[in-house]
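Input: a single structure, listed below in structure tokens.
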Amino acid sequence: MRKVLLASVASMSALLAAGGAANAQPVQPVAPATIVVHMNGYFQFGLDDVHSSYNTVTTAGSTAKLNPITTNGEFRLYPSFDAMTVNGIEYGAKVETRVTFSDANKGVSSSSTNSTGSLYVRRAYGYVGTENYGWVRYGQTDGAFTLLQTGVIEQFGDGAQFASTDSTSLYVVPTKAIPGEFIYADQGALYTTDKVVLISPSIEESYLGGKFSAMASYEPNSNGLKEGYATCSVAGATCASISSIGSGYTSTNAKERQNTFDVAGQYALKAYGFNSKLSVGFLDGQPIRYSANHNVAYNPAFNLNTLQVMQVGAQTTYKGLFLDGDAITVGANMKWGQTLDGYSPKVVGTRNALSYIVGGNYVVGPYVVGASFWAGQTAGNYVPGAKEASTLSEYGASVGGNYVVGKDMSLYAQYMYGHSHQPGNTNFLNKNNSQMQLVSVGSTLKW
């Protein structure tokens with residue numbers, strides 16, 4: 001029975017890792033002088049009951065309503081290869097593709113503007129290195145701040161909860177009803193950009209027997225592969241490497257960044273039955289500077305601070321708490337600094353951001369239950385002199401469970417509630433609040 005329980009715990013952990021979740025170990029070991037090609041995949045489908053402030057909207061006397069019952073679904077492919085030279089140097093490449101979003105239609109269309117069958121590249125990177133000396137990762141991939149995030153427990157339910165577009169059930173909620181956040185570092189705003197990442201080997205310390213690891217990464221601009229080169233005949237707002245602009249500055253430029261550095265370190269210790277981790281991280285990036293003349297057509301909303309975010313997190317797993325072979329994991333993480341939701345630079349003269357999350361899961365045999373709660377405050381829609389309140393307060397709660405049918409398949413059920421509050425915020429229907437709740441049941445398959 002113990003072997004069955006332990007095997008279920010291991011398969012549950014692997015199966016519920018978010019479909020695009022960051023993985024600090026970039027290689028799958030292979031024998032020297034060999035190359036192994038992989039074609040892994042991910043499919044999730046669910047039935048949802050959605051309620052929000054935006055399910056019914058009246059505009060100019062015309063009312064539109066959403067059917068609260070809908071479906072979520074996602075399909076991803078992970079082509080990759082891992083190789084090793086005869087002298088032990090490991091290298092390879094990994095790609096993650098996903099199904100594109102599209103407008104509503106009568107099923108799948110062959111039209112390029114309406115098709116639900118198109119795939120796009122979400123992550124794509126190469127790596128080279130060894131276990132003893134560390135690795136270099138390069139491409140459109142996760143940075144240090146994401147890879148060593150600790151204490152954000154997502155391994156229950158759909159495996160992602162409020163983690164931005166990585167949640168395959170959350171996207172069925174009207175976007176204006178979804179609370180923004182920056183507590184999840186495993187979001188596309190950080191990992192869908194080109195960067196170089198240095199990953200250290202684990203260094204053992206003899207006093208307690210723990211291990212230290214560290215990472216650092218550099219991102220020249222917030223664009224992915226080939227992004228920002230389609231219409232860049234001269235320096236302008238649509239160029240990937242734009243660093244400053246005047247009258248052509250847009251709200252999109254205000255969300256971009258340049259010359260971003262992030263560093264993170266983690267200490268891991270196994271002692272007295274606990275498998276514990278503690279990490280810290282720091283991210284620093286420059287905004288795209290607004291160079292318009294202050295006396296002519298100047299917009300104070302484009303006068304931005306340097307993007308600076310810090311984090312600290314801890315988590316621990318204990319096996320055999322109630323039954324021989326069960327496992328309980330609890331964790332917490334806090335982030336704060338000069339940022340808005342989605343890791344966008346904030347306006348000069350507005351408040352700094354603060355957010356935290358607590359959560360955990362319990363696994364026994366083929367069953368898992370988990371829950372998390374996060375809350376955060378940012379400047380939101382406020383700029384100095386505006387009518388909005390100076391603080392946007394948001395929070396979200398998730399509760400979920402799973403049944404592991406096999407090592408490649410899990411059934412899930414999940415409830416999520418989110419709320420946003422900022423008096424005078426014109427993005428809200430009533431200019432004060434927005435809320436959402438979602439019940440979802442479905443299945444996840446990974447191979």
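Residue names in the structure tokens use chain letters A, B, ... in the order shown, residue numbers from 1 in each chain, and ligand numbers from 1 in the order shown.
Excluding Asn275 (chain A) itself and same-chain residues fewer than 2 positions from it, the residues having an atom within 8 Å of it are Ala268, Leu269, Lys270, Ala271, Gly273, Lys277, Thr316, Thr317 and Tyr318 of chain A, counting only C-alpha atoms.
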Hey, can you spit out that residue selection with all heavy atoms as a JSON list (two decimals), in the first residue's frame?
```json
[["chain", "number", "residue", "atom", "x", "y", "z"],
["A", 268, "ALA", "N", 17.46, 24.95, -0.11],
["A", 268, "ALA", "CA", 16.60, 23.78, 0.05],
["A", 268, "ALA", "C", 17.18, 22.87, 1.12],
["A", 268, "ALA", "O", 18.40, 22.64, 1.16],
["A", 268, "ALA", "CB", 16.47, 23.02, -1.27],
["A", 269, "LEU", "N", 16.32, 22.36, 1.99],
["A", 269, "LEU", "CA", 16.77, 21.53, 3.11],
["A", 269, "LEU", "C", 15.77, 20.41, 3.36],
["A", 269, "LEU", "O", 14.56, 20.65, 3.45],
["A", 269, "LEU", "CB", 16.91, 22.37, 4.37],
["A", 269, "LEU", "CG", 17.27, 21.62, 5.66],
["A", 269, "LEU", "CD1", 18.67, 21.02, 5.56],
["A", 269, "LEU", "CD2", 17.14, 22.54, 6.87],
["A", 270, "LYS", "N", 16.29, 19.19, 3.49],
["A", 270, "LYS", "CA", 15.48, 18.04, 3.90],
["A", 270, "LYS", "C", 15.92, 17.64, 5.30],
["A", 270, "LYS", "O", 17.06, 17.23, 5.51],
["A", 270, "LYS", "CB", 15.66, 16.88, 2.93],
["A", 270, "LYS", "CG", 15.15, 17.15, 1.53],
["A", 270, "LYS", "CD", 15.35, 15.95, 0.61],
["A", 270, "LYS", "CE", 14.82, 16.23, -0.78],
["A", 270, "LYS", "NZ", 14.99, 15.06, -1.70],
["A", 271, "ALA", "N", 15.00, 17.78, 6.26],
["A", 271, "ALA", "CA", 15.34, 17.48, 7.65],
["A", 271, "ALA", "C", 14.08, 17.16, 8.44],
["A", 271, "ALA", "O", 13.04, 17.81, 8.25],
["A", 271, "ALA", "CB", 16.07, 18.66, 8.30],
["A", 273, "GLY", "N", 11.90, 14.95, 8.27],
["A", 273, "GLY", "CA", 10.73, 14.59, 7.48],
["A", 273, "GLY", "C", 10.18, 15.71, 6.61],
["A", 273, "GLY", "O", 9.26, 15.49, 5.83],
["A", 277, "LYS", "N", 11.92, 24.74, 1.26],
["A", 277, "LYS", "CA", 12.63, 25.66, 0.38],
["A", 277, "LYS", "C", 12.34, 27.09, 0.80],
["A", 277, "LYS", "O", 11.22, 27.42, 1.18],
["A", 277, "LYS", "CB", 12.19, 25.46, -1.08],
["A", 277, "LYS", "CG", 12.52, 24.09, -1.65],
["A", 277, "LYS", "CD", 11.99, 23.96, -3.07],
["A", 277, "LYS", "CE", 12.29, 22.59, -3.64],
["A", 277, "LYS", "NZ", 11.75, 22.45, -5.02],
["A", 316, "THR", "N", 7.05, 24.05, 2.35],
["A", 316, "THR", "CA", 7.55, 22.81, 2.90],
["A", 316, "THR", "C", 6.57, 21.69, 2.60],
["A", 316, "THR", "O", 5.36, 21.91, 2.52],
["A", 316, "THR", "CB", 7.80, 22.91, 4.42],
["A", 316, "THR", "OG1", 8.48, 21.74, 4.88],
["A", 316, "THR", "CG2", 6.51, 23.08, 5.19],
["A", 317, "THR", "N", 7.10, 20.48, 2.42],
["A", 317, "THR", "CA", 6.30, 19.28, 2.19],
["A", 317, "THR", "C", 6.64, 18.25, 3.25],
["A", 317, "THR", "O", 7.82, 18.01, 3.53],
["A", 317, "THR", "CB", 6.56, 18.70, 0.79],
["A", 317, "THR", "OG1", 6.21, 19.67, -0.21],
["A", 317, "THR", "CG2", 5.76, 17.44, 0.56],
["A", 318, "TYR", "N", 5.61, 17.64, 3.82],
["A", 318, "TYR", "CA", 5.81, 16.60, 4.83],
["A", 318, "TYR", "C", 5.01, 15.38, 4.41],
["A", 318, "TYR", "O", 3.82, 15.48, 4.13],
["A", 318, "TYR", "CB", 5.35, 17.08, 6.20],
["A", 318, "TYR", "CG", 5.67, 16.10, 7.31],
["A", 318, "TYR", "CD1", 6.92, 16.12, 7.93],
["A", 318, "TYR", "CD2", 4.73, 15.16, 7.73],
["A", 318, "TYR", "CE1", 7.22, 15.22, 8.95],
["A", 318, "TYR", "CE2", 5.02, 14.26, 8.74],
["A", 318, "TYR", "CZ", 6.27, 14.30, 9.35],
["A", 318, "TYR", "OH", 6.58, 13.40, 10.34]]
```
Check region 89-276 of chain A with DSSP on the backbone and list each residue it calls strand (DSSP E), as number ranges by chain.
A: 90-99, 119-130, 134-140, 194-199, 203-204, 211-221, 244-245, 257-271, 274-276
Excluding region 141-156 of chain A and residues on its chain fewer than 5 positions from it, collect all residues at most 7 Å away from it, counting only C-alpha atoms, and give them as a VMD selection string.
chain A and resid 13 16 to 17 22 to 24 123 to 125 161 185 to 186 190 to 195 197 215 to 217 262 to 266 278 to 279 281 to 283 313 to 315 331 to 333 357 359 to 361 368 to 370 400 to 402
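Excluding Leu429 (chain A) and any residue on its chain fewer than 4 positions from it, the residues at most 12 Å away by only C-alpha atoms are Ser52, Ser53, Tyr54, Asn55, Thr56, Val57, Thr58, Thr59, Lys176, Ala177, Ser420, His421, Gln422, Pro423, Gly424, Asn425, Asn433, Ser434 and Gln435 of chain A.
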Just write the chosen residues, all heavy atoms, as a CSV table (one decimal), in the first residue's frame.
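Below is the file selection.csv, written as the result:
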```csv
chain,number,residue,atom,x,y,z
A,52,SER,N,-20.3,37.0,-13.1
A,52,SER,CA,-19.4,38.2,-12.9
A,52,SER,C,-20.2,39.5,-13.1
A,52,SER,O,-21.4,39.5,-13.5
A,52,SER,CB,-18.3,38.2,-14.0
A,52,SER,OG,-18.7,38.6,-15.2
A,53,SER,N,-19.6,40.6,-12.8
A,53,SER,CA,-20.2,41.9,-13.0
A,53,SER,C,-20.4,42.2,-14.4
A,53,SER,O,-21.1,43.2,-14.7
A,53,SER,CB,-19.2,43.0,-12.4
A,53,SER,OG,-19.0,42.7,-11.0
A,54,TYR,N,-19.8,41.4,-15.3
A,54,TYR,CA,-19.9,41.8,-16.8
A,54,TYR,C,-20.7,40.7,-17.6
A,54,TYR,O,-20.6,40.7,-18.8
A,54,TYR,CB,-18.5,42.0,-17.3
A,54,TYR,CG,-17.8,43.1,-16.7
A,54,TYR,CD1,-17.0,42.9,-15.6
A,54,TYR,CD2,-17.9,44.4,-17.2
A,54,TYR,CE1,-16.4,44.0,-14.9
A,54,TYR,CE2,-17.3,45.5,-16.6
A,54,TYR,CZ,-16.5,45.3,-15.5
A,54,TYR,OH,-15.9,46.3,-14.9
A,55,ASN,N,-21.4,39.8,-16.9
A,55,ASN,CA,-22.2,38.8,-17.6
A,55,ASN,C,-23.4,39.5,-18.3
A,55,ASN,O,-23.9,39.0,-19.3
A,55,ASN,CB,-22.7,37.7,-16.7
A,55,ASN,CG,-21.7,36.6,-16.5
A,55,ASN,OD1,-20.5,36.9,-16.5
A,55,ASN,ND2,-22.1,35.4,-16.3
A,56,THR,N,-23.9,40.6,-17.8
A,56,THR,CA,-25.0,41.4,-18.4
A,56,THR,C,-24.5,42.8,-18.5
A,56,THR,O,-24.2,43.4,-17.4
A,56,THR,CB,-26.3,41.3,-17.6
A,56,THR,OG1,-26.7,39.9,-17.5
A,56,THR,CG2,-27.4,42.1,-18.2
A,57,VAL,N,-24.5,43.4,-19.6
A,57,VAL,CA,-24.1,44.8,-19.9
A,57,VAL,C,-25.1,45.5,-20.7
A,57,VAL,O,-25.5,45.0,-21.8
A,57,VAL,CB,-22.7,44.8,-20.5
A,57,VAL,CG1,-22.3,46.2,-20.8
A,57,VAL,CG2,-21.7,44.1,-19.6
A,58,THR,N,-25.5,46.7,-20.3
A,58,THR,CA,-26.4,47.5,-21.1
A,58,THR,C,-25.6,48.8,-21.6
A,58,THR,O,-25.0,49.5,-20.8
A,58,THR,CB,-27.6,48.0,-20.2
A,58,THR,OG1,-28.3,46.8,-19.8
A,58,THR,CG2,-28.5,48.9,-21.0
A,59,THR,N,-25.7,49.0,-22.9
A,59,THR,CA,-25.0,50.1,-23.5
A,59,THR,C,-25.9,50.8,-24.4
A,59,THR,O,-26.5,50.2,-25.4
A,59,THR,CB,-23.7,49.7,-24.2
A,59,THR,OG1,-22.9,49.0,-23.4
A,59,THR,CG2,-23.0,50.9,-24.8
A,176,LYS,N,-12.6,42.0,-18.0
A,176,LYS,CA,-12.7,43.1,-17.1
A,176,LYS,C,-13.1,42.6,-15.7
A,176,LYS,O,-12.9,43.4,-14.7
A,176,LYS,CB,-13.7,44.1,-17.6
A,176,LYS,CG,-13.2,45.0,-18.7
A,176,LYS,CD,-14.1,46.2,-18.9
A,176,LYS,CE,-13.4,47.2,-19.9
A,176,LYS,NZ,-14.2,48.4,-20.1
A,177,ALA,N,-13.6,41.4,-15.6
A,177,ALA,CA,-14.0,40.9,-14.2
A,177,ALA,C,-12.9,40.2,-13.5
A,177,ALA,O,-13.0,39.9,-12.3
A,177,ALA,CB,-15.2,40.0,-14.4
A,420,SER,N,-12.3,43.1,-7.2
A,420,SER,CA,-11.5,44.3,-7.3
A,420,SER,C,-12.2,45.5,-6.8
A,420,SER,O,-13.5,45.6,-7.0
A,420,SER,CB,-11.1,44.5,-8.8
A,420,SER,OG,-10.5,43.3,-9.4
A,421,HIS,N,-11.5,46.4,-6.2
A,421,HIS,CA,-12.2,47.6,-5.7
A,421,HIS,C,-11.3,48.9,-5.8
A,421,HIS,O,-10.1,48.8,-5.4
A,421,HIS,CB,-12.5,47.4,-4.2
A,421,HIS,CG,-13.0,48.6,-3.5
A,421,HIS,ND1,-14.3,49.1,-3.7
A,421,HIS,CD2,-12.5,49.5,-2.6
A,421,HIS,CE1,-14.5,50.2,-3.0
A,421,HIS,NE2,-13.4,50.5,-2.3
A,422,GLN,N,-11.8,49.9,-6.5
A,422,GLN,CA,-11.1,51.2,-6.6
A,422,GLN,C,-12.1,52.2,-6.9
A,422,GLN,O,-12.5,52.3,-8.1
A,422,GLN,CB,-10.0,51.2,-7.6
A,422,GLN,CG,-9.2,52.5,-7.7
A,422,GLN,CD,-8.0,52.4,-8.6
A,422,GLN,OE1,-8.0,51.7,-9.6
A,422,GLN,NE2,-6.9,53.2,-8.3
A,423,PRO,N,-12.6,53.0,-5.9
A,423,PRO,CA,-13.6,54.0,-6.2
A,423,PRO,C,-13.2,54.9,-7.3
A,423,PRO,O,-12.1,55.5,-7.3
A,423,PRO,CB,-13.7,54.7,-4.9
A,423,PRO,CG,-13.3,53.7,-3.8
A,423,PRO,CD,-12.3,52.9,-4.5
A,424,GLY,N,-14.1,55.1,-8.3
A,424,GLY,CA,-13.9,56.0,-9.4
A,424,GLY,C,-13.2,55.4,-10.6
A,424,GLY,O,-13.0,56.1,-11.6
A,425,ASN,N,-12.8,54.1,-10.5
A,425,ASN,CA,-12.1,53.5,-11.6
A,425,ASN,C,-13.1,53.3,-12.8
A,425,ASN,O,-14.1,52.6,-12.7
A,425,ASN,CB,-11.6,52.1,-11.2
A,425,ASN,CG,-10.6,51.5,-12.2
A,425,ASN,OD1,-10.8,51.6,-13.4
A,425,ASN,ND2,-9.6,50.9,-11.7
A,433,ASN,N,-16.4,48.7,-8.1
A,433,ASN,CA,-16.1,47.3,-7.8
A,433,ASN,C,-16.3,46.4,-9.0
A,433,ASN,O,-17.0,46.8,-10.0
A,433,ASN,CB,-17.0,46.7,-6.7
A,433,ASN,CG,-16.8,47.5,-5.4
A,433,ASN,OD1,-15.8,47.2,-4.7
A,433,ASN,ND2,-17.7,48.4,-5.1
A,434,SER,N,-15.6,45.3,-9.0
A,434,SER,CA,-15.8,44.2,-10.0
A,434,SER,C,-15.6,42.9,-9.3
A,434,SER,O,-14.8,42.8,-8.4
A,434,SER,CB,-14.8,44.4,-11.1
A,434,SER,OG,-15.0,43.4,-12.1
A,435,GLN,N,-16.4,41.9,-9.7
A,435,GLN,CA,-16.3,40.6,-9.0
A,435,GLN,C,-16.5,39.5,-10.0
A,435,GLN,O,-17.2,39.7,-11.1
A,435,GLN,CB,-17.2,40.4,-7.8
A,435,GLN,CG,-18.7,40.4,-8.1
A,435,GLN,CD,-19.2,39.1,-8.5
A,435,GLN,OE1,-18.7,38.0,-8.0
A,435,GLN,NE2,-20.2,39.0,-9.3
```
Do a neighbour search on Val86 (chain A) at 10 Å with only C-alpha atoms, toss out local chain neighbours closer than 5 positions, and write the hits as a list in words.
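Selected residues are Ala31, Pro32, Ala33 and Thr34 of chain A.
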Could you dump the residues just selected with all heavy atoms as a CSV table (one decimal), in the first residue's frame?
```csv
chain,number,residue,atom,x,y,z
A,31,ALA,N,22.4,9.6,-22.3
A,31,ALA,CA,23.7,9.0,-22.3
A,31,ALA,C,24.6,9.8,-23.1
A,31,ALA,O,24.2,10.5,-24.1
A,31,ALA,CB,23.6,7.6,-22.8
A,32,PRO,N,26.0,9.8,-22.8
A,32,PRO,CA,26.9,10.5,-23.7
A,32,PRO,C,26.8,10.1,-25.1
A,32,PRO,O,26.6,9.0,-25.4
A,32,PRO,CB,28.3,10.1,-23.0
A,32,PRO,CG,27.9,9.8,-21.6
A,32,PRO,CD,26.6,9.2,-21.7
A,33,ALA,N,27.1,11.1,-26.0
A,33,ALA,CA,27.1,10.9,-27.4
A,33,ALA,C,25.8,10.4,-28.0
A,33,ALA,O,25.7,9.7,-29.0
A,33,ALA,CB,28.2,9.9,-27.8
A,34,THR,N,24.7,10.8,-27.3
A,34,THR,CA,23.3,10.5,-27.8
A,34,THR,C,22.5,11.7,-27.9
A,34,THR,O,22.7,12.7,-27.2
A,34,THR,CB,22.6,9.5,-26.9
A,34,THR,OG1,22.5,10.0,-25.6
A,34,THR,CG2,23.4,8.2,-26.9
```
If you count only C-alpha atoms, which residues fall within 10 Å of Ala93 (chain A), apart from same-chain ones fewer than 6 positions away, as a VMD selection string?
chain A and resid 26 to 27 37 79 to 83 124 to 128 137 to 139
Neighbouring residues of Asp326 (chain A) were defined as those with any atom within 6 Å, considering only C-alpha atoms; residues of the same chain fewer than 5 positions away were excluded. Please report them as a PyMOL selection string.
chain A and resi 319-320+363-364
Just to be explicit: take each residue in the selection above, keep all heavy atoms, and write the result as a PDB file, in the first residue's frame.
```pdb
ATOM      1  N   LYS A 319       5.658  14.222   4.370  1.00  0.00           N
ATOM      2  CA  LYS A 319       5.000  12.985   3.976  1.00  0.00           C
ATOM      3  C   LYS A 319       4.723  12.114   5.189  1.00  0.00           C
ATOM      4  O   LYS A 319       5.516  12.068   6.121  1.00  0.00           O
ATOM      5  CB  LYS A 319       5.866  12.224   2.965  1.00  0.00           C
ATOM      6  CG  LYS A 319       6.031  12.944   1.636  1.00  0.00           C
ATOM      7  CD  LYS A 319       6.845  12.127   0.651  1.00  0.00           C
ATOM      8  CE  LYS A 319       6.974  12.849  -0.689  1.00  0.00           C
ATOM      9  NZ  LYS A 319       7.758  12.066  -1.682  1.00  0.00           N
ATOM     10  N   GLY A 320       3.592  11.417   5.157  1.00  0.00           N
ATOM     11  CA  GLY A 320       3.240  10.510   6.233  1.00  0.00           C
ATOM     12  C   GLY A 320       2.634  11.184   7.438  1.00  0.00           C
ATOM     13  O   GLY A 320       2.757  10.681   8.559  1.00  0.00           O
ATOM     14  N   VAL A 363      -2.231  15.429  -0.587  1.00  0.00           N
ATOM     15  CA  VAL A 363      -2.322  14.330  -1.539  1.00  0.00           C
ATOM     16  C   VAL A 363      -2.309  13.007  -0.783  1.00  0.00           C
ATOM     17  O   VAL A 363      -1.435  12.778   0.063  1.00  0.00           O
ATOM     18  CB  VAL A 363      -1.150  14.353  -2.546  1.00  0.00           C
ATOM     19  CG1 VAL A 363      -1.295  13.221  -3.558  1.00  0.00           C
ATOM     20  CG2 VAL A 363      -1.078  15.693  -3.258  1.00  0.00           C
ATOM     21  N   VAL A 364      -3.268  12.152  -1.097  1.00  0.00           N
ATOM     22  CA  VAL A 364      -3.285  10.804  -0.528  1.00  0.00           C
ATOM     23  C   VAL A 364      -3.852   9.865  -1.582  1.00  0.00           C
ATOM     24  O   VAL A 364      -4.949  10.073  -2.096  1.00  0.00           O
ATOM     25  CB  VAL A 364      -4.103  10.732   0.773  1.00  0.00           C
ATOM     26  CG1 VAL A 364      -5.522  11.219   0.574  1.00  0.00           C
ATOM     27  CG2 VAL A 364      -4.083   9.324   1.357  1.00  0.00           C
TER      28      VAL A 364
END
```
Select, from A:Asp103, A:Asp49, A:Glu219, A:Glu90, the residue with the minimum atom-to-atom distance to Ile35 (chain A), counting only C-alpha atoms.
A:Glu90
